[in-house]
$ cat input.txt   # compact mmCIF, C-alpha atoms
# COMPACT_ATOMS: atom_id res chain seq x y z
CA MET A 1 13.92 18.09 9.21
CA ASP A 2 13.24 19.57 12.61
CA ALA A 3 14.78 17.31 15.27
CA LEU A 4 11.86 17.72 17.67
CA ILE A 5 9.33 16.78 14.98
CA LEU A 6 11.40 13.69 14.12
CA ILE A 7 11.56 12.62 17.78
CA LEU A 8 7.83 13.18 18.20
CA SER A 9 7.11 11.23 15.00
CA ILE A 10 9.18 8.26 16.17
CA ALA A 11 7.45 8.26 19.57
CA ALA A 12 4.02 8.64 17.97
CA GLY A 13 4.76 5.91 15.44
CA LEU A 14 5.86 3.42 18.08
CA ILE A 15 2.83 4.21 20.24
CA ILE A 16 0.43 3.85 17.28
CA LEU A 17 1.96 0.56 16.11
CA THR A 18 2.01 -0.85 19.63
CA ILE A 19 -1.63 0.09 20.30
CA LEU A 20 -2.85 -1.41 17.02
CA VAL A 21 -0.86 -4.65 17.37
CA VAL A 22 -1.97 -5.02 21.00
CA ILE A 23 -5.59 -4.62 19.83
CA HIS A 24 -4.92 -7.32 17.23
CA GLU A 25 -3.40 -9.73 19.75
CA LEU A 26 -6.15 -8.99 22.27
CA GLY A 27 -8.62 -10.25 19.65
CA HIS A 28 -6.74 -13.56 19.46
CA ALA A 29 -6.56 -13.84 23.25
CA ILE A 30 -10.25 -13.13 23.90
CA ALA A 31 -11.33 -15.53 21.14
CA ALA A 32 -8.99 -18.21 22.52
CA LYS A 33 -10.37 -17.86 26.04
CA ARG A 34 -13.97 -17.99 24.78
CA ASN A 35 -13.23 -21.17 22.83
CA GLY A 36 -11.58 -23.11 25.63
CA VAL A 37 -7.92 -22.48 24.74
CA LYS A 38 -5.68 -21.40 27.62
CA VAL A 39 -3.84 -18.09 27.29
CA GLU A 40 -0.41 -18.45 28.88
CA GLU A 41 1.04 -14.97 28.26
CA PHE A 42 -0.07 -11.63 26.90
CA GLY A 43 2.84 -9.31 26.17
CA ILE A 44 3.26 -5.70 25.12
CA GLY A 45 6.41 -5.31 23.04
CA PHE A 46 8.81 -8.17 22.37
CA PRO A 47 11.37 -9.85 24.67
CA PRO A 48 13.63 -9.41 26.52
CA ARG A 49 11.22 -8.83 29.36
CA ALA A 50 11.22 -5.61 31.33
CA TRP A 51 8.42 -6.61 33.71
CA SER A 52 5.93 -9.46 34.15
CA LYS A 53 3.26 -10.63 36.55
CA THR A 54 1.13 -13.77 36.64
CA VAL A 55 -2.45 -12.90 37.58
CA PRO A 56 -4.54 -15.64 39.27
CA LYS A 57 -7.74 -14.60 37.47
CA SER A 58 -8.37 -12.06 34.70
CA ILE A 59 -10.50 -11.46 31.59
CA LEU A 60 -8.13 -13.71 29.63
CA GLY A 61 -8.40 -16.64 32.04
CA GLU A 62 -6.61 -18.05 35.03
CA LYS A 63 -2.88 -17.76 35.74
CA VAL A 64 -2.16 -15.58 32.72
CA THR A 65 1.25 -13.89 32.64
CA TYR A 66 1.13 -10.24 31.58
CA SER A 67 4.44 -8.77 30.45
CA ILE A 68 5.99 -5.55 29.23
CA ASN A 69 9.02 -6.08 27.02
CA TRP A 70 11.92 -3.94 25.90
CA LEU A 71 11.33 -3.91 22.12
CA PRO A 72 8.37 -1.55 21.53
CA LEU A 73 7.27 -3.04 18.22
CA GLY A 74 3.79 -4.35 19.02
CA GLY A 75 2.86 -7.28 21.19
CA PHE A 76 2.09 -10.99 21.27
CA VAL A 77 -0.12 -13.65 22.80
CA LYS A 78 1.16 -17.11 23.75
CA LEU A 79 -1.38 -19.92 23.76
CA GLN A 80 -1.03 -23.34 25.33
CA GLY A 81 -0.13 -26.10 22.86
CA GLU A 82 0.16 -24.01 19.69
CA HIS A 83 1.12 -26.90 17.36
CA ASP A 84 -1.70 -28.66 15.49
CA THR A 85 -0.60 -32.00 16.93
CA ASP A 86 -1.00 -30.85 20.55
CA SER A 87 -4.05 -32.51 22.03
CA LYS A 88 -4.32 -31.79 25.78
CA LYS A 89 -7.32 -29.96 27.19
CA GLY A 90 -6.79 -26.25 26.72
CA ASP A 91 -4.31 -26.72 23.83
CA TYR A 92 -4.78 -24.68 20.69
CA GLY A 93 -4.05 -27.84 18.71
CA ALA A 94 -7.00 -29.60 20.37
CA ALA A 95 -9.50 -26.95 19.25
CA THR A 96 -11.90 -27.69 16.39
CA PHE A 97 -11.37 -26.23 12.91
CA TRP A 98 -14.13 -23.69 13.49
CA GLN A 99 -12.69 -22.67 16.86
CA LYS A 100 -9.24 -22.19 15.30
CA THR A 101 -10.81 -20.13 12.51
CA LYS A 102 -12.41 -17.80 15.05
CA ILE A 103 -9.17 -17.50 17.04
CA LEU A 104 -7.01 -16.80 13.98
CA LEU A 105 -9.35 -14.27 12.38
CA ALA A 106 -10.27 -12.46 15.62
CA GLY A 107 -7.16 -10.27 15.35
CA VAL A 108 -8.13 -9.24 11.82
CA ALA A 109 -11.67 -8.46 13.00
CA MET A 110 -10.39 -6.34 15.90
CA ASN A 111 -8.18 -4.23 13.60
CA TRP A 112 -11.04 -3.79 11.12
CA LEU A 113 -13.41 -2.72 13.91
CA ALA A 114 -10.77 -0.35 15.32
CA ALA A 115 -10.49 1.28 11.88
CA ALA A 116 -14.29 1.63 11.69
CA VAL A 117 -14.39 3.26 15.15
CA LEU A 118 -11.58 5.68 14.24
CA PHE A 119 -13.30 6.63 10.97
CA THR A 120 -16.53 7.18 12.92
CA VAL A 121 -14.74 9.60 15.27
CA LEU A 122 -13.19 11.32 12.25
CA ALA A 123 -16.61 11.64 10.61
CA PHE A 124 -17.79 13.60 13.68
CA ILE A 125 -14.81 15.98 13.74
CA GLY A 126 -14.19 16.05 9.98
CA VAL A 127 -12.64 13.19 8.00
CA PRO A 128 -10.06 14.40 5.45
CA LYS A 129 -10.74 13.64 1.80
CA ILE A 130 -8.37 10.85 0.81
CA VAL A 131 -10.00 9.18 -2.22
CA ASP A 132 -12.24 10.21 -5.09
CA ASN A 133 -15.95 9.52 -4.56
CA GLN A 134 -15.27 9.12 -0.84
CA PHE A 135 -18.19 7.48 0.98
CA ASN A 136 -20.58 9.88 2.70
CA ILE A 137 -24.30 10.43 3.31
CA ALA A 138 -25.24 13.35 1.06
CA SER A 139 -28.08 14.56 3.31
CA ASP A 140 -25.74 14.77 6.33
CA ASN A 141 -22.47 15.92 4.77
CA THR A 142 -20.81 19.28 5.41
CA ILE A 143 -17.75 20.02 3.27
CA GLU A 144 -15.01 22.09 4.89
CA ARG A 145 -12.12 23.49 2.82
CA GLN A 146 -8.95 25.05 4.20
CA PRO A 147 -7.04 27.77 2.30
CA VAL A 148 -4.96 26.82 -0.74
CA GLN A 149 -1.38 26.08 0.34
CA LEU A 150 1.93 25.93 -1.52
CA ALA A 151 3.02 22.30 -1.16
CA TYR A 152 6.22 22.45 -3.22
CA ILE A 153 8.21 25.25 -4.89
CA GLU A 154 10.52 24.69 -7.85
CA GLU A 155 14.04 26.02 -7.51
CA GLY A 156 14.47 29.20 -9.53
CA SER A 157 10.73 29.50 -10.19
CA PRO A 158 8.73 32.77 -10.01
CA ALA A 159 7.40 31.69 -6.60
CA ALA A 160 10.92 31.03 -5.28
CA LYS A 161 12.28 34.34 -6.64
CA ALA A 162 9.41 36.22 -4.95
CA GLY A 163 10.24 34.64 -1.57
CA LEU A 164 7.18 32.41 -1.29
CA LYS A 165 7.65 29.33 0.89
CA VAL A 166 6.10 25.89 1.30
CA GLY A 167 3.10 26.16 3.64
CA ASP A 168 2.12 29.69 2.62
CA GLU A 169 -1.67 30.04 2.33
CA VAL A 170 -2.67 32.01 -0.77
CA ASN A 171 -5.60 34.40 -0.29
CA HIS A 172 -5.59 36.65 -3.39
CA ILE A 173 -3.84 36.97 -6.74
CA ALA A 174 -4.07 40.38 -8.38
CA GLY A 175 -6.95 41.17 -6.02
CA ARG A 176 -8.90 38.05 -6.98
CA ALA A 177 -9.98 35.82 -4.09
CA ILE A 178 -8.48 32.35 -4.14
CA THR A 179 -10.82 29.75 -2.63
CA THR A 180 -9.88 26.55 -4.50
CA VAL A 181 -6.92 25.04 -6.31
CA GLU A 182 -8.85 25.43 -9.57
CA SER A 183 -9.45 29.18 -8.97
CA MET A 184 -5.73 29.69 -8.36
CA GLN A 185 -4.75 27.78 -11.49
CA GLN A 186 -7.24 29.83 -13.48
CA ALA A 187 -5.85 33.10 -12.09
CA THR A 188 -2.20 32.27 -12.87
CA ARG A 189 -3.24 31.17 -16.36
CA GLU A 190 -5.21 34.36 -16.97
CA PHE A 191 -2.44 36.68 -15.71
CA ASN A 192 0.44 34.69 -17.28
CA GLY A 193 3.45 36.81 -18.25
CA GLN A 194 2.42 39.61 -15.87
CA THR A 195 3.72 40.73 -12.50
CA VAL A 196 0.94 40.29 -9.95
CA THR A 197 0.49 40.86 -6.22
CA VAL A 198 0.04 37.63 -4.26
CA ASP A 199 -1.55 38.06 -0.84
CA PHE A 200 -0.80 35.15 1.49
CA THR A 201 -0.76 34.10 5.14
CA ARG A 202 2.41 32.76 6.77
CA GLY A 203 2.51 31.75 10.42
CA GLY A 204 -0.74 33.55 11.10
CA SER A 205 0.38 36.91 9.67
CA SER A 206 -0.84 38.41 6.38
CA GLN A 207 1.85 39.25 3.81
CA SER A 208 2.14 40.05 0.11
CA ALA A 209 4.71 39.58 -2.64
CA GLU A 210 5.17 40.72 -6.23
CA VAL A 211 5.46 37.67 -8.51
CA ALA A 212 6.47 37.76 -12.17
CA LEU A 213 4.49 34.82 -13.61
CA ARG A 214 5.81 32.78 -16.49
CA SER A 215 4.15 33.28 -19.84
CA ASP A 216 2.90 30.73 -22.34
CA GLU A 217 6.02 31.42 -24.40
CA THR A 218 8.60 31.13 -21.59
CA LYS A 219 7.32 28.20 -19.56
CA LYS A 220 8.28 24.65 -20.48
CA GLU A 221 5.76 21.88 -21.10
CA ASN A 222 5.78 20.47 -17.56
CA GLU A 223 6.11 23.81 -15.78
CA GLY A 224 3.40 25.96 -14.23
CA TYR A 225 3.06 29.72 -14.43
CA LEU A 226 3.89 30.12 -10.71
CA GLY A 227 6.27 27.17 -10.36
CA ALA A 228 4.62 25.70 -7.29
CA SER A 229 2.53 22.64 -6.46
CA LEU A 230 -0.73 23.38 -4.70
CA ASN A 231 -2.61 21.61 -1.94
CA GLN A 232 -5.99 22.22 -0.32
CA ARG A 233 -7.21 20.11 2.56
CA GLU A 234 -10.82 19.12 2.29
CA SER A 235 -12.80 17.30 4.95
CA TYR A 236 -16.31 15.90 5.34
CA ARG A 237 -18.21 16.30 8.59
CA ALA A 238 -21.27 14.24 9.59
CA THR A 239 -23.60 14.17 12.61
CA TRP A 240 -26.19 11.39 12.96
CA SER A 241 -24.69 9.44 10.05
CA ALA A 242 -21.14 9.34 11.45
CA PRO A 243 -21.28 5.62 12.41
CA VAL A 244 -22.65 4.76 8.95
CA VAL A 245 -19.92 6.86 7.31
CA GLY A 246 -17.29 5.19 9.52
CA VAL A 247 -18.32 1.68 8.50
CA GLY A 248 -18.96 2.63 4.86
CA LEU A 249 -15.56 4.32 4.48
CA THR A 250 -13.87 1.32 6.11
CA VAL A 251 -15.54 -1.01 3.59
CA GLN A 252 -14.56 1.28 0.70
CA LEU A 253 -10.92 1.52 1.82
CA THR A 254 -10.76 -2.25 2.45
CA GLY A 255 -11.46 -2.84 -1.23
CA LEU A 256 -8.93 -0.19 -2.27
CA THR A 257 -6.33 -1.67 0.11
CA PHE A 258 -6.61 -5.12 -1.46
CA GLN A 259 -6.50 -3.52 -4.90
CA GLY A 260 -3.34 -1.64 -3.91
CA LEU A 261 -1.73 -4.79 -2.48
CA GLY A 262 -2.54 -6.63 -5.71
CA ASP A 263 -1.03 -3.86 -7.85
CA THR A 264 2.10 -3.81 -5.69
CA VAL A 265 2.56 -7.59 -5.96
CA VAL A 266 2.05 -7.49 -9.75
CA ASN A 267 4.55 -4.63 -10.18
CA LEU A 268 7.09 -6.33 -7.91
CA ALA A 269 6.76 -9.67 -9.72
CA SER A 270 6.91 -7.96 -13.14
CA GLY A 271 9.98 -5.99 -12.08
CA ILE A 272 11.84 -9.06 -10.85
CA ALA A 273 10.87 -11.00 -13.99
CA GLY A 274 12.04 -8.10 -16.16
CA LYS A 275 15.42 -8.08 -14.44
CA LEU A 276 15.81 -11.81 -15.02
CA THR A 277 14.78 -11.66 -18.69
CA GLY A 278 16.85 -8.60 -19.57
CA ASN A 279 14.04 -6.02 -19.95
CA ALA A 280 15.78 -3.67 -17.52
CA THR A 281 14.02 -0.42 -18.44
CA GLN A 282 10.48 -1.68 -17.87
CA ALA A 283 11.67 -3.65 -14.84
CA ASP A 284 12.95 -0.46 -13.19
CA VAL A 285 9.61 1.26 -13.86
CA ASN A 286 7.65 -1.61 -12.28
CA LEU A 287 9.97 -1.84 -9.28
CA GLU A 288 9.69 1.92 -8.72
CA LYS A 289 5.89 1.66 -8.81
CA ALA A 290 6.04 -1.18 -6.27
CA GLY A 291 8.27 0.90 -4.00
CA GLN A 292 5.98 3.92 -4.25
CA GLY A 293 2.95 1.82 -3.32
CA VAL A 294 4.20 0.78 0.11
CA ALA A 295 5.85 2.31 3.15
CA GLY A 296 7.58 0.46 5.96
CA PRO A 297 8.56 1.59 9.47
CA VAL A 298 11.33 3.88 8.17
CA GLY A 299 8.96 5.57 5.74
CA LEU A 300 6.26 5.81 8.41
CA LEU A 301 8.56 7.35 11.02
CA GLY A 302 10.80 9.38 8.73
CA VAL A 303 8.45 10.63 6.01
CA ILE A 304 4.75 10.17 6.76
CA LEU A 305 4.31 10.87 10.48
CA PRO A 306 6.42 14.06 10.62
CA GLN A 307 4.13 15.60 8.02
CA LEU A 308 1.02 14.33 9.80
CA ILE A 309 2.10 15.73 13.16
CA LYS A 310 2.44 19.12 11.49
CA ALA A 311 -0.95 18.65 9.79
CA GLY A 312 -2.88 18.07 13.00
CA PHE A 313 -4.57 15.55 15.28
CA ASP A 314 -7.21 14.54 12.73
CA TYR A 315 -4.52 13.41 10.30
CA VAL A 316 -2.80 11.37 13.03
CA LEU A 317 -6.14 9.62 13.67
CA LEU A 318 -6.46 9.12 9.91
CA VAL A 319 -3.11 7.38 9.52
CA MET A 320 -3.86 5.30 12.63
CA ALA A 321 -7.12 4.10 11.03
CA ILE A 322 -5.39 3.34 7.73
CA ILE A 323 -2.58 1.39 9.45
CA SER A 324 -5.16 -0.60 11.44
CA LEU A 325 -6.99 -1.41 8.20
CA SER A 326 -3.70 -2.35 6.52
CA LEU A 327 -2.84 -4.71 9.38
CA ALA A 328 -6.20 -6.41 8.94
CA ALA A 329 -5.75 -6.75 5.18
CA LEU A 330 -2.15 -7.98 5.45
CA ASN A 331 -2.91 -10.57 8.10
CA VAL A 332 -5.74 -12.14 6.13
CA LEU A 333 -3.39 -12.97 3.22
CA PRO A 334 -2.41 -16.67 2.91
CA ILE A 335 1.25 -16.07 3.76
CA PRO A 336 2.86 -18.45 6.29
CA ALA A 337 3.62 -16.78 9.64
CA LEU A 338 0.58 -14.53 9.21
CA ASP A 339 -2.93 -15.33 10.46
CA GLY A 340 -4.22 -16.02 6.95
CA GLY A 341 -1.29 -18.36 6.27
CA ARG A 342 -1.85 -20.29 9.50
CA TRP A 343 -5.55 -20.65 8.69
CA PHE A 344 -4.70 -21.84 5.17
CA MET A 345 -2.35 -24.52 6.55
CA THR A 346 -5.00 -25.56 9.05
CA ALA A 347 -7.58 -25.84 6.26
CA ILE A 348 -5.22 -27.94 4.09
CA ALA A 349 -4.45 -30.26 7.01
CA ARG A 350 -8.18 -30.69 7.68
CA LEU A 351 -8.88 -31.30 3.98
CA PHE A 352 -6.32 -34.10 3.76
CA LYS A 353 -6.98 -35.25 7.35
CA ARG A 354 -3.24 -35.16 8.07
CA PRO A 355 -2.17 -32.62 10.72
CA LEU A 356 1.25 -31.06 10.15
CA SER A 357 4.06 -32.24 12.37
CA PRO A 358 5.62 -29.57 14.61
CA GLU A 359 8.79 -29.71 12.47
CA LYS A 360 6.95 -29.10 9.18
CA GLU A 361 4.78 -26.43 10.74
CA GLU A 362 7.81 -24.53 12.06
CA LEU A 363 9.63 -24.94 8.71
CA ILE A 364 6.71 -23.47 6.75
CA ASN A 365 6.29 -20.60 9.21
CA GLY A 366 10.06 -20.02 9.11
CA ILE A 367 10.03 -19.75 5.32
CA GLY A 368 7.11 -17.34 5.53
CA PHE A 369 8.95 -15.28 8.14
CA MET A 370 12.06 -15.13 5.94
CA PHE A 371 9.90 -13.93 3.03
CA LEU A 372 8.41 -11.20 5.20
CA MET A 373 11.88 -10.15 6.40
CA ALA A 374 13.12 -9.97 2.80
CA LEU A 375 10.11 -7.84 1.90
CA PHE A 376 10.82 -5.68 4.96
CA VAL A 377 14.41 -5.09 3.78
CA ILE A 378 13.24 -4.15 0.25
CA ILE A 379 10.66 -1.71 1.63
CA THR A 380 13.19 -0.23 4.07
CA ILE A 381 15.68 0.40 1.25
CA ALA A 382 12.91 2.10 -0.74
CA ASP A 383 11.97 4.18 2.35
CA VAL A 384 15.57 5.36 2.81
CA GLY A 385 15.65 6.34 -0.86
CA LYS A 386 12.49 8.43 -0.39
CA ILE A 387 14.06 10.24 2.58
CA LEU A 388 17.35 10.93 0.79
CA ARG A 389 15.69 12.24 -2.42

$ encode --input "input.txt" --output "structure tokens"
Amino acid sequence: MDALILILSIAAGLIILTILVVIHELGHAIAAKRNGVKVEEFGIGFPPRAWSKTVPKSILGEKVTYSINWLPLGGFVKLQGEHDTDSKKGDYGAATFWQKTKILLAGVAMNWLAAAVLFTVLAFIGVPKIVDNQFNIASDNTIERQPVQLAYIEEGSPAAKAGLKVGDEVNHIAGRAITTVESMQQATREFNGQTVTVDFTRGGSSQSAEVALRSDETKKENEGYLGASLNQRESYRATWSAPVVGVGLTVQLTGLTFQGLGDTVVNLASGIAGKLTGNATQADVNLEKAGQGVAGPVGLLGVILPQLIKAGFDYVLLVMAIISLSLAALNVLPIPALDGGRWFMTAIARLFKRPLSPEKEELINGIGFMFLMALFVIITIADVGKILR
């Protein structure tokens, strides 16, 4: 991997994560201020502090400390009296159940809105196709397709022997124009077993190569005639309907995100259960599916973002929108230490009319944090495996 691309991907990843988490925390802070809860500190990054200043009056209230911290992994907001038993004026604990609900879910709402705005911008400039039946307005939808590219080349394949490389854009095979993945597959099938001229573009220059395609008799069941995986970027562009497309696509991907989270949890639970009961083969399959369904910081910085930086600015915006949407979906889950978990504990305490003591509240949040850290370690191990493969 190119060192410069890796450095740029790490910098871009940290900037993206910080921006999105700061947006999330800003939602909490604004909602807190509007509902009478004092904001004590709003920080970018995590301590130790690099710089701080207490501002007499700002949009978040009076005497709020703004800080920049050394660990660039997001941000935080500190509210006065954060335990449910705190009862002074301006304490979070003294707020009503409805006020706490608004404060806790404001971060989720901000990330969801940020995703909708980003998808709206993408709809104007061309949002890449990422799912089947992707939401669009048919009367205001222009489809743009880039040339067919070689995404992967098998070792020892006809493509490799002819000197073709990943990223080459195929224009013609045996004089036949290649405009879609399907047209290229049809051409290699039709000319199987023959030596054909492949015209392609590499680095902006037109080139050609003689390729001896596999035949039906020589290729194995899972092999292709050319021995290469194909990719074609497709994007949808809108004009007046861009805001509608932005919101509609955000709604569509929200549902798919929760579906994906559910599938990952089921596969992870099934895999662990299989290991405990002795069904090791199926357990490994389920655990592999769970690992493929998620990516942590290592996967984001080491695998995903380097490819996106090469792909272009629109794809960087795309991954930023998807991460923002993922943050919203993750934080609404009823897991202690997350917004959804805190709201769930608040709702239970209100239902039984028994507020949690600070000790119990911190214990539950601590257990939730340990669970999240364990999940982080599992995902990181899976990410490293993806990089090394």

$ atom_distance --input "input.txt" --atom1 "CA of Arg237 in chain A" --atom2 "CA of Asp132 in chain A"
16.1 Å

$ residues_around --input "input.txt" --residues "range 91-102 of chain A" --least-positions-apart "4" --cutoff "8 Å" --atoms "only C-alpha atoms" --output "VMD selection string"
chain A and resid 31 to 32 35 to 38 79 to 87 106 343 346 to 347 350

$ residues_around --input "input.txt" --residues "Arg176 in chain A" --least-positions-apart "3" --cutoff "12 Å" --atoms "all atoms listed in the file" --output "MDAnalysis selection string"
chainID A and resid 170:173 179:180 183:188 190:191 196:199

$ residues_around --input "input.txt" --residues "range 329-333 of chain A" --least-positions-apart "5" --cutoff "12 Å" --atoms "all atoms listed in the file" --output "JSON, numbers by chain"
{"A": [21, 24, 25, 101, 104, 105, 106, 107, 108, 109, 110, 111, 112, 115, 250, 251, 253, 254, 255, 256, 257, 258, 259, 260, 261, 262, 322, 323, 324, 338, 339, 340, 341, 342, 343, 344, 368, 372]}

$ residues_around --input "input.txt" --residues "Ser58 in chain A" --least-positions-apart "2" --cutoff "12 Å" --atoms "only C-alpha atoms" --output "ChimeraX atom specification"
/A:29-30,33,39-42,53-56,60-66

$ closest_residue --input "input.txt" --among "A:Glu182, A:Asp314, A:Glu154, A:Glu169" --to "Gly224 in chain A" --atoms "all atoms listed in the file"
A:Glu154

$ residues_around --input "input.txt" --residues "Thr120 in chain A" --least-positions-apart "5" --cutoff "8 Å" --atoms "all atoms listed in the file" --output "PyMOL selection string"
chain A and resi 242-247

$ atom_distance --input "input.txt" --atom1 "CA of Ser52 in chain A" --atom2 "CA of Ala337 in chain A"
25.7 Å

$ atom_distance --input "input.txt" --atom1 "CA of Thr239 in chain A" --atom2 "CA of Ala123 in chain A"
7.7 Å

$ closest_residue --input "input.txt" --among "A:Leu122, A:Ile19, A:Ala114, A:Leu71" --to "Ala328 in chain A" --atoms "only C-alpha atoms"
A:Ala114

$ closest_residue --input "input.txt" --among "A:Gly163, A:Phe352, A:Leu327, A:Glu234" --to "Thr142 in chain A" --atoms "only C-alpha atoms"
A:Glu234

$ closest_residue --input "input.txt" --among "A:Ala349, A:Leu226, A:Phe200, A:Arg233" --to "Ile143 in chain A" --atoms "all atoms listed in the file"
A:Arg233

$ closest_residue --input "input.txt" --among "A:Val148, A:Ala209, A:Ala162, A:Ala321" --to "Ala177 in chain A" --atoms "all atoms listed in the file"
A:Val148

$ closest_residue --input "input.txt" --among "A:Glu155, A:Val121, A:Met320, A:Gln134" --to "Thr18 in chain A" --atoms "only C-alpha atoms"
A:Met320
